[in-house]
Amino acid sequence: MRQKKSQQSVLISGAGIGGPALAYWLDRYGYDVTVVEQATGPRPGGHAIDVRGPALEVAERMGVLDRIRGLSTDLRGMSVVDDEGKELFRTTERTVSGGDLDSPDVEILRDDLAAVVADAGGAGISYVYGDSIDRLEQGADDVRVVFHSGTKRRFDLVVGADGLHSRTRRLAFGPEEDYLHHLGTSLAVWTAPNFLGLDRWQVVYKMGGDLWGGMVMSVRDNQEVRVYVGFDWDEPPAESDTGDPHAQKRLIAREFAKARWEMPRLLEHMWGAPDFLFDSMAQIRMDSWSRGHVVLLGDAGYCGSPMSGQGTSMALVGAYVLAGEVRAADGDHTAAFAAYERELRGYVTANQELALTNKAVMDARDAMDLGEVEGEEFVADLRADLDVANSYSLKEY
């Protein structure tokens with residue numbers, strides 16, 4: 001076994017949630033950690049996301065669970081409406097985005113959770129915003145990294161925590177299409193004023209055909225709403241690959257041109273929303289998450305898609321496990337990465353399967369025109385799969 005250097009250097013690409021969580025643990029284990037992020041600062045907006053199962057324990061071990069609970073969306077329930085705004089269904093037991101309200105899980109806005117995790121890391125972690133990795137040149141003992149800014153540095157390890165469309169993965173493993181598996185759905189989300197007067201409430205607007213309709217939920221003490229729209233397709237829209245938010249907004253406007261209820265007003269706010277996000281729902285499936293001194297974390301290596309509701313939890317658990325195995329291997333990155341994958345592969349597989357179960361449930365409901373009561377058996381199946389996915393038990397490092 002090679003002798004561990006006095007302070008190994010680690011570069012993490014991506015300052016979302018998994019990257020800063022990994023930085024937190026590695027910094028505490030004595031590593032020299034740099035996080036590089038292409039955006040010029042913390043990214044605003046995004047989905048409401050869930051911290052579930054073993055990820056709750058990771059958050060507790062990081063000392064941030066109470067703060068996360070204090071920033072929860074705190075929804076009281078949901079309703080379903082038709083074109084005219086007539087309420088078709090109401091419940092105070094669950095929401096579409098967060099699941100059962102009496103569970104210990106926490107639903108929180110993505111940008112709020114990202115801020116909590118980054119703050120927990122403290123001043124010992126170096127964050128570099130407005131830059132990215134252009135080239136990776138692997139040697140026997142380290143990786144030479146050429147940044148977009150022109151800076152050149154060497155690191156003992158490089159971690160790609162840069163999401164579904166990971167540039168690190170492309171540089172180290174090859175083209176995205178080798179690993180990307182579409183689920184036949186696209187989703188857009190943006191922030192709008194709470195002109196509906198929602199009070200810790202979620203409203204789902206049902207349409208028909210390939211259009212899911214919309215979902216609106218109040219956030220930030222009811223001052224804002226997050227708006228979601230989704231639709232199915234046989235071939236991914238060309239706009240998915242452009243990275244052009246203006247083209248993506250035009251796509252959404254076309255797809256939902258005939259939407260009723262309050263959708264026209266919500267779409268008006270889409271045009272000026274600085275936090276608009278659009279992407280196709282997809283999974284990343286790889287035989288290995290590491291190559292040489294480079295390893296992948298979270299969505300970059302094993303995205304489950306928002307349909308799993310588990311992406312954030314996988315990132316937090318993955319960060320904890322990866323850091324722990326790096327520490328336990330005492331400088332042997334090959335052993336560390338192999339142990340990381342052995343430990344986490346079953347958990348990842350179960351959560352990716354959960355997304356497919358969720359998709360099947362939604363397709364079955366659409367095909368059979370199931371109401372909420374008739375659909376309870378499907379909800380029960382989904383809950384059972386969620387219990388399996390969350391049965392993973394954390395190791396001690």
# chains A, B, ... in the order shown; residues from 1 in each chain; ligands from 1
call {"tool": "residues_around", "arguments": {"residues": "Gln202 in chain A", "least_positions_apart": "6", "cutoff": "6 Å", "atoms": "only C-alpha atoms", "output": "NGL selection string"}}
result
:A and (78 or 216-217)
call {"tool": "write_last_selection", "arguments": {"atoms": "C-alpha atoms", "output": "PDB file, in the first residue's frame"}}
result
ATOM      1  CA  MET A  78     -52.473  19.490  -1.739  1.00  0.00           C
ATOM      2  CA  VAL A 216     -47.705  25.116  -7.962  1.00  0.00           C
ATOM      3  CA  MET A 217     -46.494  25.165  -4.369  1.00  0.00           C
TER       4      MET A 217
END
call {"tool": "select_by_dssp", "arguments": {"residues": "range 121-183 of chain A", "states": "strand (DSSP E or B)", "output": "list of chain:residue names"}}
result
A:Ser126, A:Tyr127, A:Val128, A:Tyr129, A:Ile133, A:Asp134, A:Arg135, A:Leu136, A:Glu137, A:Gln138, A:Val143, A:Arg144, A:Val145, A:Val146, A:Phe147, A:Lys152, A:Arg153, A:Arg154, A:Phe155, A:Leu157, A:Val158, A:Val159, A:Gly160, A:Leu180, A:His181, A:His182, A:Leu183
call {"tool": "residues_around", "arguments": {"residues": "Ile108 in chain A", "least_positions_apart": "6", "cutoff": "10 Å", "atoms": "only C-alpha atoms", "output": "list in words"}}
result
His47, Ala48, Ile49, Asp50, Val51, Ile68, Arg69, Gly70, Leu71, Ser72, Thr73, Asp74, Gly98, Ala114 and Val219 of chain A
call {"tool": "write_last_selection", "arguments": {"atoms": "all heavy atoms", "output": "mmCIF file, in the first residue's frame"}}
result
data_model
loop_
_atom_site.group_PDB
_atom_site.id
_atom_site.type_symbol
_atom_site.label_atom_id
_atom_site.label_comp_id
_atom_site.auth_asym_id
_atom_site.auth_seq_id
_atom_site.Cartn_x
_atom_site.Cartn_y
_atom_site.Cartn_z
ATOM 1 N N HIS A 47 -35.712 22.635 -7.961
ATOM 2 C CA HIS A 47 -36.848 21.897 -7.420
ATOM 3 C C HIS A 47 -36.894 21.983 -5.894
ATOM 4 O O HIS A 47 -35.892 22.259 -5.243
ATOM 5 C CB HIS A 47 -36.734 20.419 -7.796
ATOM 6 C CG HIS A 47 -36.564 20.156 -9.249
ATOM 7 N ND1 HIS A 47 -37.603 20.188 -10.143
ATOM 8 C CD2 HIS A 47 -35.466 19.864 -9.975
ATOM 9 C CE1 HIS A 47 -37.163 19.927 -11.354
ATOM 10 N NE2 HIS A 47 -35.854 19.718 -11.282
ATOM 11 N N ALA A 48 -38.064 21.712 -5.368
ATOM 12 C CA ALA A 48 -38.133 21.320 -3.965
ATOM 13 C C ALA A 48 -37.652 19.880 -3.910
ATOM 14 O O ALA A 48 -38.065 19.040 -4.716
ATOM 15 C CB ALA A 48 -39.562 21.424 -3.447
ATOM 16 N N ILE A 49 -36.743 19.578 -3.009
ATOM 17 C CA ILE A 49 -36.111 18.263 -2.971
ATOM 18 C C ILE A 49 -36.302 17.647 -1.591
ATOM 19 O O ILE A 49 -36.692 18.328 -0.637
ATOM 20 C CB ILE A 49 -34.612 18.366 -3.314
ATOM 21 C CG1 ILE A 49 -33.929 19.393 -2.410
ATOM 22 C CG2 ILE A 49 -34.426 18.748 -4.789
ATOM 23 C CD1 ILE A 49 -32.453 19.580 -2.693
ATOM 24 N N ASP A 50 -36.029 16.354 -1.510
ATOM 25 C CA ASP A 50 -36.307 15.625 -0.279
ATOM 26 C C ASP A 50 -35.034 15.042 0.322
ATOM 27 O O ASP A 50 -34.177 14.522 -0.403
ATOM 28 C CB ASP A 50 -37.302 14.489 -0.558
ATOM 29 C CG ASP A 50 -38.601 15.002 -1.145
ATOM 30 O OD1 ASP A 50 -39.347 15.670 -0.410
ATOM 31 O OD2 ASP A 50 -38.856 14.748 -2.340
ATOM 32 N N VAL A 51 -34.940 15.135 1.630
ATOM 33 C CA VAL A 51 -33.874 14.470 2.384
ATOM 34 C C VAL A 51 -34.538 13.330 3.131
ATOM 35 O O VAL A 51 -35.389 13.554 4.000
ATOM 36 C CB VAL A 51 -33.181 15.438 3.356
ATOM 37 C CG1 VAL A 51 -32.048 14.730 4.087
ATOM 38 C CG2 VAL A 51 -32.663 16.661 2.613
ATOM 39 N N ILE A 68 -31.905 22.195 8.554
ATOM 40 C CA ILE A 68 -32.642 21.738 7.378
ATOM 41 C C ILE A 68 -34.133 21.653 7.698
ATOM 42 O O ILE A 68 -34.982 22.106 6.918
ATOM 43 C CB ILE A 68 -32.100 20.377 6.903
ATOM 44 C CG1 ILE A 68 -30.701 20.550 6.294
ATOM 45 C CG2 ILE A 68 -33.039 19.728 5.893
ATOM 46 C CD1 ILE A 68 -30.012 19.241 5.963
ATOM 47 N N ARG A 69 -34.465 21.090 8.853
ATOM 48 C CA ARG A 69 -35.882 21.006 9.232
ATOM 49 C C ARG A 69 -36.489 22.401 9.388
ATOM 50 O O ARG A 69 -37.655 22.623 9.041
ATOM 51 C CB ARG A 69 -36.032 20.222 10.537
ATOM 52 C CG ARG A 69 -35.719 18.734 10.395
ATOM 53 C CD ARG A 69 -36.247 17.941 11.572
ATOM 54 N NE ARG A 69 -35.882 16.539 11.497
ATOM 55 C CZ ARG A 69 -36.483 15.636 10.738
ATOM 56 N NH1 ARG A 69 -37.493 16.003 9.971
ATOM 57 N NH2 ARG A 69 -36.096 14.384 10.732
ATOM 58 N N GLY A 70 -35.699 23.350 9.864
ATOM 59 C CA GLY A 70 -36.210 24.707 10.029
ATOM 60 C C GLY A 70 -36.483 25.409 8.712
ATOM 61 O O GLY A 70 -37.232 26.400 8.678
ATOM 62 N N LEU A 71 -35.886 24.913 7.631
ATOM 63 C CA LEU A 71 -36.087 25.512 6.314
ATOM 64 C C LEU A 71 -36.997 24.666 5.425
ATOM 65 O O LEU A 71 -37.091 24.905 4.220
ATOM 66 C CB LEU A 71 -34.735 25.690 5.609
ATOM 67 C CG LEU A 71 -33.807 26.747 6.208
ATOM 68 C CD1 LEU A 71 -32.408 26.631 5.611
ATOM 69 C CD2 LEU A 71 -34.365 28.147 5.971
ATOM 70 N N SER A 72 -37.696 23.709 6.005
ATOM 71 C CA SER A 72 -38.552 22.831 5.206
ATOM 72 C C SER A 72 -39.691 23.620 4.569
ATOM 73 O O SER A 72 -40.060 24.712 5.029
ATOM 74 C CB SER A 72 -39.133 21.718 6.080
ATOM 75 O OG SER A 72 -40.155 22.230 6.927
ATOM 76 N N THR A 73 -40.242 23.076 3.502
ATOM 77 C CA THR A 73 -41.370 23.744 2.834
ATOM 78 C C THR A 73 -42.610 23.784 3.718
ATOM 79 O O THR A 73 -43.470 24.639 3.530
ATOM 80 C CB THR A 73 -41.709 23.032 1.516
ATOM 81 O OG1 THR A 73 -42.018 21.655 1.783
ATOM 82 C CG2 THR A 73 -40.545 23.121 0.538
ATOM 83 N N ASP A 74 -42.714 22.845 4.646
ATOM 84 C CA ASP A 74 -43.781 22.856 5.656
ATOM 85 C C ASP A 74 -45.171 22.901 5.024
ATOM 86 O O ASP A 74 -46.074 23.583 5.516
ATOM 87 C CB ASP A 74 -43.592 24.050 6.603
ATOM 88 C CG ASP A 74 -44.411 23.924 7.877
ATOM 89 O OD1 ASP A 74 -44.653 22.780 8.300
ATOM 90 O OD2 ASP A 74 -44.814 24.959 8.435
ATOM 91 N N GLY A 98 -43.536 15.893 -2.015
ATOM 92 C CA GLY A 98 -42.877 15.469 -0.785
ATOM 93 C C GLY A 98 -43.320 14.149 -0.207
ATOM 94 O O GLY A 98 -42.701 13.647 0.729
ATOM 95 N N ALA A 114 -28.530 23.658 -0.478
ATOM 96 C CA ALA A 114 -27.162 23.878 -0.949
ATOM 97 C C ALA A 114 -26.440 24.879 -0.060
ATOM 98 O O ALA A 114 -25.254 24.699 0.268
ATOM 99 C CB ALA A 114 -27.173 24.360 -2.393
ATOM 100 N N VAL A 219 -43.853 28.746 -1.264
ATOM 101 C CA VAL A 219 -42.556 28.613 -0.601
ATOM 102 C C VAL A 219 -42.171 29.945 0.017
ATOM 103 O O VAL A 219 -42.798 30.967 -0.231
ATOM 104 C CB VAL A 219 -41.454 28.161 -1.595
ATOM 105 C CG1 VAL A 219 -41.770 26.786 -2.168
ATOM 106 C CG2 VAL A 219 -41.283 29.175 -2.721
#
call {"tool": "residues_around", "arguments": {"residues": "range 225-237 of chain A", "least_positions_apart": "2", "cutoff": "8 Å", "atoms": "only C-alpha atoms", "output": "number ranges by chain"}}
result
A: 47, 182, 184-194, 210-219, 222-223, 239-241, 266, 280
call {"tool": "write_last_selection", "arguments": {"atoms": "N, CA, C and O atoms", "output": "short mmCIF file (atom, residue, chain, number, x, y, z; two decimals), in the first residue's frame"}}
result
data_model
loop_
_atom_site.label_atom_id
_atom_site.label_comp_id
_atom_site.auth_asym_id
_atom_site.auth_seq_id
_atom_site.Cartn_x
_atom_site.Cartn_y
_atom_site.Cartn_z
N HIS A 47 -35.71 22.64 -7.96
CA HIS A 47 -36.85 21.90 -7.42
C HIS A 47 -36.89 21.98 -5.89
O HIS A 47 -35.89 22.26 -5.24
N HIS A 182 -32.86 8.17 -21.24
CA HIS A 182 -34.02 9.03 -21.12
C HIS A 182 -35.23 8.26 -20.60
O HIS A 182 -35.39 7.06 -20.88
N GLY A 184 -38.37 9.62 -21.16
CA GLY A 184 -39.50 10.02 -21.99
C GLY A 184 -40.30 11.19 -21.46
O GLY A 184 -41.47 11.36 -21.83
N THR A 185 -39.68 12.02 -20.64
CA THR A 185 -40.39 13.12 -20.01
C THR A 185 -39.47 14.32 -19.86
O THR A 185 -38.27 14.16 -19.63
N SER A 186 -40.03 15.51 -20.00
CA SER A 186 -39.29 16.74 -19.70
C SER A 186 -40.01 17.53 -18.62
O SER A 186 -41.24 17.46 -18.49
N LEU A 187 -39.25 18.29 -17.87
CA LEU A 187 -39.80 19.04 -16.75
C LEU A 187 -39.17 20.43 -16.71
O LEU A 187 -37.97 20.58 -16.95
N ALA A 188 -39.99 21.43 -16.43
CA ALA A 188 -39.50 22.80 -16.25
C ALA A 188 -39.98 23.33 -14.91
O ALA A 188 -41.05 22.95 -14.41
N VAL A 189 -39.17 24.19 -14.30
CA VAL A 189 -39.52 24.77 -13.00
C VAL A 189 -39.04 26.20 -12.95
O VAL A 189 -37.97 26.52 -13.50
N TRP A 190 -39.83 27.08 -12.32
CA TRP A 190 -39.41 28.47 -12.13
C TRP A 190 -40.17 29.06 -10.94
O TRP A 190 -41.12 28.46 -10.43
N THR A 191 -39.71 30.23 -10.51
CA THR A 191 -40.32 30.93 -9.38
C THR A 191 -41.23 32.03 -9.88
O THR A 191 -40.94 32.70 -10.87
N ALA A 192 -42.36 32.22 -9.20
CA ALA A 192 -43.32 33.28 -9.52
C ALA A 192 -43.87 33.85 -8.23
O ALA A 192 -43.76 33.22 -7.16
N PRO A 193 -44.47 35.05 -8.26
CA PRO A 193 -45.11 35.59 -7.06
C PRO A 193 -46.32 34.73 -6.67
O PRO A 193 -46.95 34.10 -7.52
N ASN A 194 -46.64 34.72 -5.41
CA ASN A 194 -47.76 33.93 -4.92
C ASN A 194 -49.08 34.70 -5.09
O ASN A 194 -49.75 35.03 -4.12
N ASP A 210 -50.27 13.97 -23.53
CA ASP A 210 -48.87 13.97 -23.15
C ASP A 210 -48.52 15.06 -22.15
O ASP A 210 -47.41 15.09 -21.61
N LEU A 211 -49.45 16.00 -21.93
CA LEU A 211 -49.18 17.11 -21.02
C LEU A 211 -49.61 16.74 -19.61
O LEU A 211 -50.77 16.43 -19.37
N TRP A 212 -48.66 16.78 -18.69
CA TRP A 212 -49.02 16.50 -17.30
C TRP A 212 -49.91 17.59 -16.73
O TRP A 212 -50.73 17.35 -15.85
N GLY A 213 -49.71 18.80 -17.21
CA GLY A 213 -50.34 19.96 -16.59
C GLY A 213 -49.32 20.71 -15.77
O GLY A 213 -48.14 20.78 -16.14
N GLY A 214 -49.74 21.28 -14.67
CA GLY A 214 -48.83 22.07 -13.86
C GLY A 214 -48.98 21.77 -12.39
O GLY A 214 -49.97 21.18 -11.94
N MET A 215 -47.98 22.16 -11.63
CA MET A 215 -48.04 22.06 -10.17
C MET A 215 -47.46 23.34 -9.60
O MET A 215 -46.43 23.83 -10.08
N VAL A 216 -48.13 23.88 -8.60
CA VAL A 216 -47.70 25.12 -7.96
C VAL A 216 -47.66 24.88 -6.46
O VAL A 216 -48.60 24.33 -5.88
N MET A 217 -46.59 25.31 -5.81
CA MET A 217 -46.49 25.17 -4.37
C MET A 217 -45.94 26.44 -3.76
O MET A 217 -45.03 27.07 -4.31
N SER A 218 -46.53 26.84 -2.64
CA SER A 218 -46.06 28.06 -1.98
C SER A 218 -44.77 27.77 -1.23
O SER A 218 -44.58 26.70 -0.64
N VAL A 219 -43.85 28.75 -1.26
CA VAL A 219 -42.56 28.61 -0.60
C VAL A 219 -42.17 29.94 0.02
O VAL A 219 -42.80 30.97 -0.23
N ASN A 222 -44.76 31.71 2.07
CA ASN A 222 -45.89 32.02 1.17
C ASN A 222 -45.67 33.26 0.32
O ASN A 222 -46.61 33.75 -0.33
N GLN A 223 -44.44 33.77 0.27
CA GLN A 223 -44.18 34.95 -0.55
C GLN A 223 -44.01 34.60 -2.03
O GLN A 223 -44.22 35.45 -2.90
N GLU A 239 -34.53 21.24 -27.89
CA GLU A 239 -34.18 22.29 -26.94
C GLU A 239 -33.50 21.76 -25.69
O GLU A 239 -32.84 22.50 -24.97
N SER A 240 -33.63 20.44 -25.44
CA SER A 240 -32.99 19.85 -24.26
C SER A 240 -31.48 19.97 -24.33
O SER A 240 -30.79 20.07 -23.31
N ASP A 241 -30.94 19.94 -25.54
CA ASP A 241 -29.50 19.91 -25.71
C ASP A 241 -28.89 21.28 -26.00
O ASP A 241 -27.67 21.41 -26.06
N LEU A 266 -49.21 32.09 -14.92
CA LEU A 266 -47.95 31.50 -14.45
C LEU A 266 -46.91 31.46 -15.56
O LEU A 266 -45.73 31.69 -15.33
N SER A 280 -34.67 17.19 -19.61
CA SER A 280 -35.35 15.91 -19.77
C SER A 280 -35.03 15.03 -18.57
O SER A 280 -33.90 15.03 -18.08
#
call {"tool": "residues_around", "arguments": {"residues": "Val143 in chain A", "least_positions_apart": "5", "cutoff": "10 Å", "atoms": "only C-alpha atoms", "output": "list in words"}}
result
Val10, Leu11, Arg135, Leu136, Glu137, Gln138, Arg153, Arg154, Phe155, Asp156, Leu157, Val158, Gly292, His293 and Val294 of chain A
call {"tool": "closest_residue", "arguments": {"among": "A:Leu183, A:Glu93, A:Leu251, A:Ser103", "to": "Trp201 in chain A", "atoms": "only C-alpha atoms"}}
result
A:Glu93
call {"tool": "residues_around", "arguments": {"residues": "Gln310 in chain A", "least_positions_apart": "3", "cutoff": "7 Å", "atoms": "only C-alpha atoms", "output": "list of chain:residue names"}}
result
A:Asp50, A:Ser313, A:Met314, A:Asn351
call {"tool": "write_last_selection", "arguments": {"atoms": "N, CA, C and O atoms", "output": "tab-separated table (two decimals), in the first residue's frame"}}
result
chain	number	residue	atom	x	y	z
A	50	ASP	N	-36.03	16.35	-1.51
A	50	ASP	CA	-36.31	15.63	-0.28
A	50	ASP	C	-35.03	15.04	0.32
A	50	ASP	O	-34.18	14.52	-0.40
A	313	SER	N	-30.76	12.65	-1.64
A	313	SER	CA	-30.35	11.68	-0.63
A	313	SER	C	-29.19	10.84	-1.12
A	313	SER	O	-28.24	10.56	-0.37
A	314	MET	N	-29.22	10.43	-2.40
A	314	MET	CA	-28.09	9.67	-2.94
A	314	MET	C	-26.81	10.49	-2.93
A	314	MET	O	-25.73	9.96	-2.68
A	351	ASN	N	-32.67	2.84	-5.70
A	351	ASN	CA	-33.26	4.16	-5.91
A	351	ASN	C	-33.53	4.44	-7.39
A	351	ASN	O	-34.52	5.11	-7.72
call {"tool": "atom_distance", "arguments": {"atom1": "CA of Thr91 in chain A", "atom2": "CA of Arg200 in chain A"}}
result
12.9 Å
call {"tool": "residues_around", "arguments": {"residues": "His246 in chain A", "least_positions_apart": "6", "cutoff": "12 Å", "atoms": "only C-alpha atoms", "output": "ChimeraX atom specification"}}
result
/A:239-240,252-253,270-274,276-278
call {"tool": "write_last_selection", "arguments": {"atoms": "N, CA, C and O atoms", "output": "tab-separated table (two decimals), in the first residue's frame"}}
result
chain	number	residue	atom	x	y	z
A	239	GLU	N	-34.53	21.24	-27.89
A	239	GLU	CA	-34.18	22.29	-26.94
A	239	GLU	C	-33.50	21.76	-25.69
A	239	GLU	O	-32.84	22.50	-24.97
A	240	SER	N	-33.63	20.44	-25.44
A	240	SER	CA	-32.99	19.85	-24.26
A	240	SER	C	-31.48	19.97	-24.33
A	240	SER	O	-30.79	20.07	-23.31
A	252	ILE	N	-41.83	25.56	-23.91
A	252	ILE	CA	-42.87	25.42	-22.89
A	252	ILE	C	-44.11	26.23	-23.27
A	252	ILE	O	-45.25	25.75	-23.13
A	253	ALA	N	-43.91	27.44	-23.76
A	253	ALA	CA	-45.05	28.27	-24.17
A	253	ALA	C	-45.85	27.59	-25.28
A	253	ALA	O	-47.10	27.64	-25.27
A	270	MET	N	-42.96	33.09	-16.24
A	270	MET	CA	-41.82	32.27	-16.69
A	270	MET	C	-40.83	33.10	-17.50
A	270	MET	O	-39.61	32.92	-17.36
A	271	TRP	N	-41.32	34.02	-18.32
A	271	TRP	CA	-40.45	34.74	-19.25
A	271	TRP	C	-39.38	35.55	-18.52
A	271	TRP	O	-38.26	35.68	-18.99
A	272	GLY	N	-39.72	36.10	-17.37
A	272	GLY	CA	-38.76	36.91	-16.63
A	272	GLY	C	-38.09	36.20	-15.48
A	272	GLY	O	-37.31	36.81	-14.74
A	273	ALA	N	-38.36	34.91	-15.32
A	273	ALA	CA	-37.81	34.18	-14.17
A	273	ALA	C	-36.32	33.92	-14.35
A	273	ALA	O	-35.92	33.22	-15.29
A	274	PRO	N	-35.46	34.44	-13.46
A	274	PRO	CA	-34.01	34.22	-13.61
A	274	PRO	C	-33.58	32.82	-13.22
A	274	PRO	O	-32.46	32.41	-13.52
A	276	PHE	N	-35.25	29.95	-14.04
A	276	PHE	CA	-35.90	28.95	-14.89
A	276	PHE	C	-34.95	27.78	-15.17
A	276	PHE	O	-33.78	27.97	-15.53
A	277	LEU	N	-35.45	26.57	-15.01
A	277	LEU	CA	-34.68	25.36	-15.30
A	277	LEU	C	-35.53	24.43	-16.15
A	277	LEU	O	-36.73	24.28	-15.92
A	278	PHE	N	-34.89	23.80	-17.11
A	278	PHE	CA	-35.58	22.85	-17.98
A	278	PHE	C	-34.63	21.71	-18.32
A	278	PHE	O	-33.45	21.95	-18.62
call {"tool": "decode", "arguments": {"residues": "range 289-313 of chain A", "atoms": "N, CA and C atoms", "output": "tab-separated table (two decimals), in the first residue's frame"}}
result
chain	number	residue	atom	x	y	z
A	289	TRP	N	-17.81	3.84	-11.56
A	289	TRP	CA	-17.88	5.28	-11.27
A	289	TRP	C	-16.50	5.91	-11.16
A	290	SER	N	-15.45	5.16	-11.45
A	290	SER	CA	-14.11	5.73	-11.33
A	290	SER	C	-13.25	5.29	-12.49
A	291	ARG	N	-12.26	6.11	-12.77
A	291	ARG	CA	-11.26	5.80	-13.78
A	291	ARG	C	-9.97	6.49	-13.35
A	292	GLY	N	-8.98	5.70	-12.99
A	292	GLY	CA	-7.74	6.27	-12.51
A	292	GLY	C	-7.95	7.05	-11.22
A	293	HIS	N	-7.55	8.31	-11.23
A	293	HIS	CA	-7.66	9.18	-10.06
A	293	HIS	C	-8.95	9.99	-10.07
A	294	VAL	N	-9.86	9.70	-11.01
A	294	VAL	CA	-11.11	10.45	-11.15
A	294	VAL	C	-12.28	9.57	-10.73
A	295	VAL	N	-13.19	10.14	-9.95
A	295	VAL	CA	-14.37	9.40	-9.48
A	295	VAL	C	-15.58	10.32	-9.56
A	296	LEU	N	-16.76	9.72	-9.73
A	296	LEU	CA	-18.01	10.47	-9.88
A	296	LEU	C	-18.88	10.32	-8.64
A	297	LEU	N	-19.65	11.37	-8.38
A	297	LEU	CA	-20.52	11.43	-7.20
A	297	LEU	C	-21.89	11.94	-7.60
A	298	GLY	N	-22.94	11.35	-7.04
A	298	GLY	CA	-24.29	11.86	-7.23
A	298	GLY	C	-24.76	11.73	-8.67
A	299	ASP	N	-25.50	12.74	-9.14
A	299	ASP	CA	-26.09	12.68	-10.48
A	299	ASP	C	-25.06	12.43	-11.57
A	300	ALA	N	-23.85	12.89	-11.39
A	300	ALA	CA	-22.82	12.70	-12.41
A	300	ALA	C	-22.56	11.22	-12.68
A	301	GLY	N	-22.65	10.40	-11.65
A	301	GLY	CA	-22.36	8.98	-11.79
A	301	GLY	C	-23.56	8.08	-11.76
A	302	TYR	N	-24.64	8.49	-11.09
A	302	TYR	CA	-25.78	7.59	-10.91
A	302	TYR	C	-27.08	8.36	-10.69
A	303	CYS	N	-27.33	9.32	-11.57
A	303	CYS	CA	-28.57	10.10	-11.48
A	303	CYS	C	-29.78	9.17	-11.53
A	304	GLY	N	-30.71	9.39	-10.62
A	304	GLY	CA	-31.93	8.59	-10.61
A	304	GLY	C	-33.08	9.28	-11.29
A	305	SER	N	-32.93	10.58	-11.56
A	305	SER	CA	-33.95	11.48	-12.13
A	305	SER	C	-34.87	11.97	-11.02
A	306	PRO	N	-35.51	13.14	-11.22
A	306	PRO	CA	-36.44	13.63	-10.21
A	306	PRO	C	-37.58	12.67	-9.92
A	307	MET	N	-37.85	11.72	-10.83
A	307	MET	CA	-38.92	10.75	-10.59
A	307	MET	C	-38.62	9.85	-9.40
A	308	SER	N	-37.36	9.70	-9.05
A	308	SER	CA	-37.03	8.87	-7.89
A	308	SER	C	-37.29	9.62	-6.59
A	309	GLY	N	-37.20	10.95	-6.63
A	309	GLY	CA	-37.31	11.72	-5.40
A	309	GLY	C	-36.15	11.48	-4.46
A	310	GLN	N	-35.09	10.83	-4.97
A	310	GLN	CA	-34.00	10.38	-4.10
A	310	GLN	C	-32.64	10.94	-4.51
A	311	GLY	N	-32.60	11.80	-5.51
A	311	GLY	CA	-31.31	12.29	-5.99
A	311	GLY	C	-30.49	12.99	-4.93
A	312	THR	N	-31.14	13.83	-4.15
A	312	THR	CA	-30.44	14.55	-3.09
A	312	THR	C	-29.93	13.60	-2.02
A	313	SER	N	-30.76	12.65	-1.64
A	313	SER	CA	-30.35	11.68	-0.63
A	313	SER	C	-29.19	10.84	-1.12
